[in-house]
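Okay, model30.cif now, which holds mmCIF, C-alpha atoms:
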```
data_start
#
loop_
_atom_site.label_atom_id
_atom_site.label_comp_id
_atom_site.auth_asym_id
_atom_site.auth_seq_id
_atom_site.Cartn_x
_atom_site.Cartn_y
_atom_site.Cartn_z
CA MET A 1 -66.23 -59.63 142.66
CA SER A 2 -66.31 -56.30 144.48
CA GLU A 3 -65.95 -56.22 148.25
CA LYS A 4 -69.46 -54.86 148.78
CA ASN A 5 -70.98 -57.76 146.84
CA LYS A 6 -69.14 -60.44 148.83
CA ILE A 7 -70.46 -62.23 151.88
CA LYS A 8 -68.80 -64.92 153.92
CA PHE A 9 -70.52 -68.32 154.01
CA SER A 10 -70.42 -68.01 157.81
CA ASN A 11 -72.48 -64.77 157.79
CA ARG A 12 -75.46 -65.40 160.10
CA ASN A 13 -77.48 -62.69 158.37
CA TYR A 14 -77.91 -64.83 155.25
CA ALA A 15 -79.43 -68.21 154.46
CA ILE A 16 -77.72 -69.88 151.51
CA TYR A 17 -79.07 -72.86 149.57
CA LYS A 18 -78.43 -74.78 146.38
CA ILE A 19 -81.20 -76.04 144.14
CA GLY A 20 -81.33 -79.81 144.45
CA SER A 21 -83.34 -82.79 145.58
CA TRP A 22 -83.78 -84.51 148.90
CA GLU A 23 -83.03 -88.24 149.09
CA ASN A 24 -86.54 -89.05 150.32
CA LYS A 25 -90.01 -88.02 149.18
CA TYR A 26 -91.88 -85.78 151.60
CA ASP A 27 -95.65 -85.27 151.67
CA LEU A 28 -96.03 -83.32 154.90
CA ASN A 29 -92.82 -81.52 155.69
CA LEU A 30 -92.57 -78.25 153.77
CA ILE A 31 -88.78 -78.27 153.99
CA GLY A 32 -88.74 -81.64 152.28
CA ASN A 33 -91.18 -80.39 149.65
CA SER A 34 -88.78 -77.61 148.70
CA ASN A 35 -85.85 -78.07 146.36
CA GLU A 36 -83.76 -75.67 148.44
CA ILE A 37 -80.90 -77.57 150.09
CA PRO A 38 -78.82 -75.78 152.78
CA VAL A 39 -75.14 -75.31 151.92
CA THR A 40 -73.86 -73.58 155.07
CA LYS A 41 -73.69 -74.59 158.71
CA ASN A 42 -75.71 -71.53 159.72
CA THR A 43 -78.41 -72.24 157.14
CA LYS A 44 -78.65 -75.89 158.15
CA ASN A 45 -78.95 -74.87 161.82
CA HIS A 46 -81.59 -72.27 160.93
CA VAL A 47 -83.61 -74.88 159.00
CA GLU A 48 -83.46 -77.32 161.93
CA LEU A 49 -84.41 -74.60 164.43
CA SER A 50 -87.32 -73.39 162.28
CA MET A 51 -88.60 -76.92 161.76
CA ASN A 52 -88.41 -77.67 165.49
CA GLU A 53 -90.19 -74.43 166.37
CA ILE A 54 -93.05 -75.26 163.99
CA ARG A 55 -93.23 -78.79 165.41
CA LYS A 56 -93.55 -77.34 168.96
CA SER A 57 -96.75 -75.52 168.01
CA THR A 58 -99.87 -77.55 168.64
CA PHE A 59 -103.29 -77.48 167.01
CA GLU A 60 -106.46 -79.49 167.27
CA ILE A 61 -107.71 -81.32 164.19
CA SER A 62 -110.61 -83.77 164.42
CA ASP A 63 -110.38 -83.82 168.23
CA LYS A 64 -106.66 -84.73 168.09
CA ILE A 65 -103.71 -82.56 169.09
CA VAL A 66 -101.14 -82.34 166.29
CA ASN A 67 -97.90 -80.44 165.82
CA GLY A 68 -97.53 -77.42 163.54
CA ILE A 69 -96.04 -79.37 160.62
CA VAL A 70 -99.05 -81.70 160.52
CA ALA A 71 -101.46 -78.76 160.87
CA LEU A 72 -99.81 -76.68 158.12
CA SER A 73 -99.65 -79.62 155.75
CA TYR A 74 -103.25 -80.54 156.46
CA GLN A 75 -104.27 -76.97 155.67
CA LEU A 76 -102.13 -76.58 152.53
CA ASN A 77 -102.62 -80.00 150.96
CA PRO A 78 -106.28 -81.00 150.51
CA SER A 79 -105.40 -84.60 149.62
CA LEU A 80 -104.13 -85.13 153.18
CA LYS A 81 -107.66 -84.66 154.51
CA GLU A 82 -108.43 -88.14 153.19
CA ILE A 83 -105.84 -89.68 155.54
CA ALA A 84 -106.50 -90.49 159.21
CA ILE A 85 -104.94 -87.95 161.59
CA ASP A 86 -103.05 -90.68 163.51
CA GLU A 87 -101.51 -91.83 160.24
CA LEU A 88 -100.48 -88.25 159.38
CA VAL A 89 -98.86 -87.84 162.80
CA GLU A 90 -96.92 -91.08 162.32
CA LYS A 91 -95.92 -90.08 158.79
CA GLU A 92 -94.73 -86.65 159.94
CA GLU A 93 -92.52 -88.23 162.62
CA LYS A 94 -90.91 -90.49 160.01
CA GLU A 95 -90.42 -87.55 157.61
CA TYR A 96 -88.90 -85.49 160.42
CA GLN A 97 -86.39 -88.23 161.25
CA ASN A 98 -85.52 -88.57 157.54
CA ILE A 99 -84.93 -84.84 157.13
CA ILE A 100 -82.78 -84.66 160.27
CA ASN A 101 -80.76 -87.58 158.90
CA GLU A 102 -80.39 -85.92 155.48
CA LEU A 103 -79.39 -82.60 157.05
CA SER A 104 -76.71 -84.34 159.10
CA LYS A 105 -75.15 -85.78 155.92
CA LEU A 106 -75.08 -82.59 153.83
CA LYS A 107 -71.78 -81.47 152.34
CA LEU A 108 -71.50 -77.86 153.50
CA GLU A 109 -69.41 -75.00 152.19
CA SER A 110 -66.46 -73.86 154.30
CA ASP A 111 -67.32 -71.00 156.66
CA ASP A 112 -64.07 -69.31 155.58
CA ASN A 113 -65.06 -68.92 151.92
CA TYR A 114 -66.83 -65.97 150.31
CA ILE A 115 -69.67 -65.79 147.80
CA ASP A 116 -70.81 -63.08 145.41
CA ILE A 117 -74.27 -61.94 146.53
CA ASN A 118 -75.40 -61.80 142.87
CA THR A 119 -74.47 -65.40 142.05
CA THR A 120 -76.76 -67.69 140.13
CA ASP A 121 -75.09 -70.75 141.66
CA TYR A 122 -76.84 -70.40 145.02
CA LEU A 123 -80.08 -69.07 146.44
CA ILE A 124 -79.33 -66.32 148.96
CA TYR A 125 -81.83 -64.91 151.43
CA LYS A 126 -81.17 -61.94 153.71
CA LEU A 127 -82.48 -62.75 157.20
CA LYS A 128 -84.17 -59.95 159.10
CA LYS A 129 -85.87 -59.85 162.49
CA ASP A 130 -89.41 -58.53 162.71
CA HIS A 131 -90.20 -58.57 166.42
CA HIS A 132 -89.63 -62.25 167.33
CA VAL A 133 -90.02 -63.62 163.80
CA THR A 134 -87.20 -64.10 161.29
CA ILE A 135 -88.10 -63.01 157.77
CA ALA A 136 -86.12 -64.20 154.75
CA GLU A 137 -85.95 -61.80 151.80
CA ALA A 138 -84.43 -62.74 148.46
CA ALA A 139 -81.01 -61.12 148.25
CA ASN A 140 -80.77 -61.17 144.44
CA GLU A 141 -82.91 -61.52 141.31
CA PHE A 142 -82.07 -65.20 140.81
CA THR A 143 -83.30 -66.04 144.32
CA GLN A 144 -86.41 -63.86 143.89
CA ALA A 145 -87.38 -65.65 140.66
CA HIS A 146 -86.87 -69.05 142.26
CA HIS A 147 -88.82 -68.03 145.37
CA LEU A 148 -91.79 -66.97 143.23
CA LYS A 149 -91.75 -70.37 141.46
CA GLU A 150 -91.79 -72.13 144.85
CA ILE A 151 -94.78 -70.04 145.96
CA GLU A 152 -96.62 -70.89 142.72
CA LYS A 153 -95.86 -74.58 143.27
CA LEU A 154 -97.34 -74.41 146.79
CA ALA A 155 -100.38 -72.50 145.56
CA LYS A 156 -101.12 -75.13 142.88
CA ARG A 157 -100.71 -77.90 145.43
CA SER A 158 -103.13 -76.30 147.88
CA LYS A 159 -105.99 -75.71 145.43
CA TYR A 160 -109.15 -77.63 146.17
#
```

Starting from the file, lay out its structure as structure tokens.
Amino acid sequence: MSEKNKIKFSNRNYAIYKIGSWENKYDLNLIGNSNEIPVTKNTKNHVELSMNEIRKSTFEISDKIVNGIVALSYQLNPSLKEIAIDELVEKEEKEYQNIINELSKLKLESDDNYIDINTTDYLIYKLKKDHHVTIAEAANEFTQAHHLKEIEKLAKRSKY
């Protein structure tokens, strides 16, 4: 592995995941709907921070104030519109607690180790700032192909 293709697992400019499954089933939380499992401390922290930022956003649905996770899920998954808003809010809180619990139990890679940026063992995203928003761009072809499959999966799920 050449020096220019190596990154340290502790590099804050990258989010690194493995393809896997969460312990629980998630209907609302988009993180739980993904099969991307964080493998570094920085990635885990980024996932928690992003999830909490989305949860802080509030929206009104059917005269009720809901957090951003509930609102996004409601928008992206038409089958959720058949469920009472109060039930969705309760379900999201339970899913949130489950994900936080799962994240706390993850076996993470050592910050001291290096990884080849072109690996097919992990999904690697380069994190970039665009004003106040963090954008994740696939850092290799393997990650790009997987990312496109995830987008297709979401698109199929959100069709009416």

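Between A:Tyr96 and the candidates A:Phe142, A:Thr58, A:His147, A:Val70, the tightest atom-to-atom separation, counting all atoms listed in the file, involves A:Val70.
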
Is it possible to get the axis-aligned box enclosing stretch 33-40 of chain A (all listed atoms, 8 Å extra per side) as JSON, with centre and edge lengths in Å rounded to one decimal?
```
{"center_x": -82.5, "center_y": -77.0, "center_z": 150.7, "size_x": 33.3, "size_y": 22.8, "size_z": 24.7}
```

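Using all atoms listed in the file, the smallest distance between any of A:Ser104, A:Glu95, A:Asn11, A:Glu137 and A:Ile31 comes from A:Glu95.
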
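Atom to atom, atom CA of A:Glu109 and atom CA of A:Lys4 stand 20.4 Å apart.
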
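For the pair atom CA of A:His46 and atom CA of A:Asp86, the interatomic distance is 28.4 Å.
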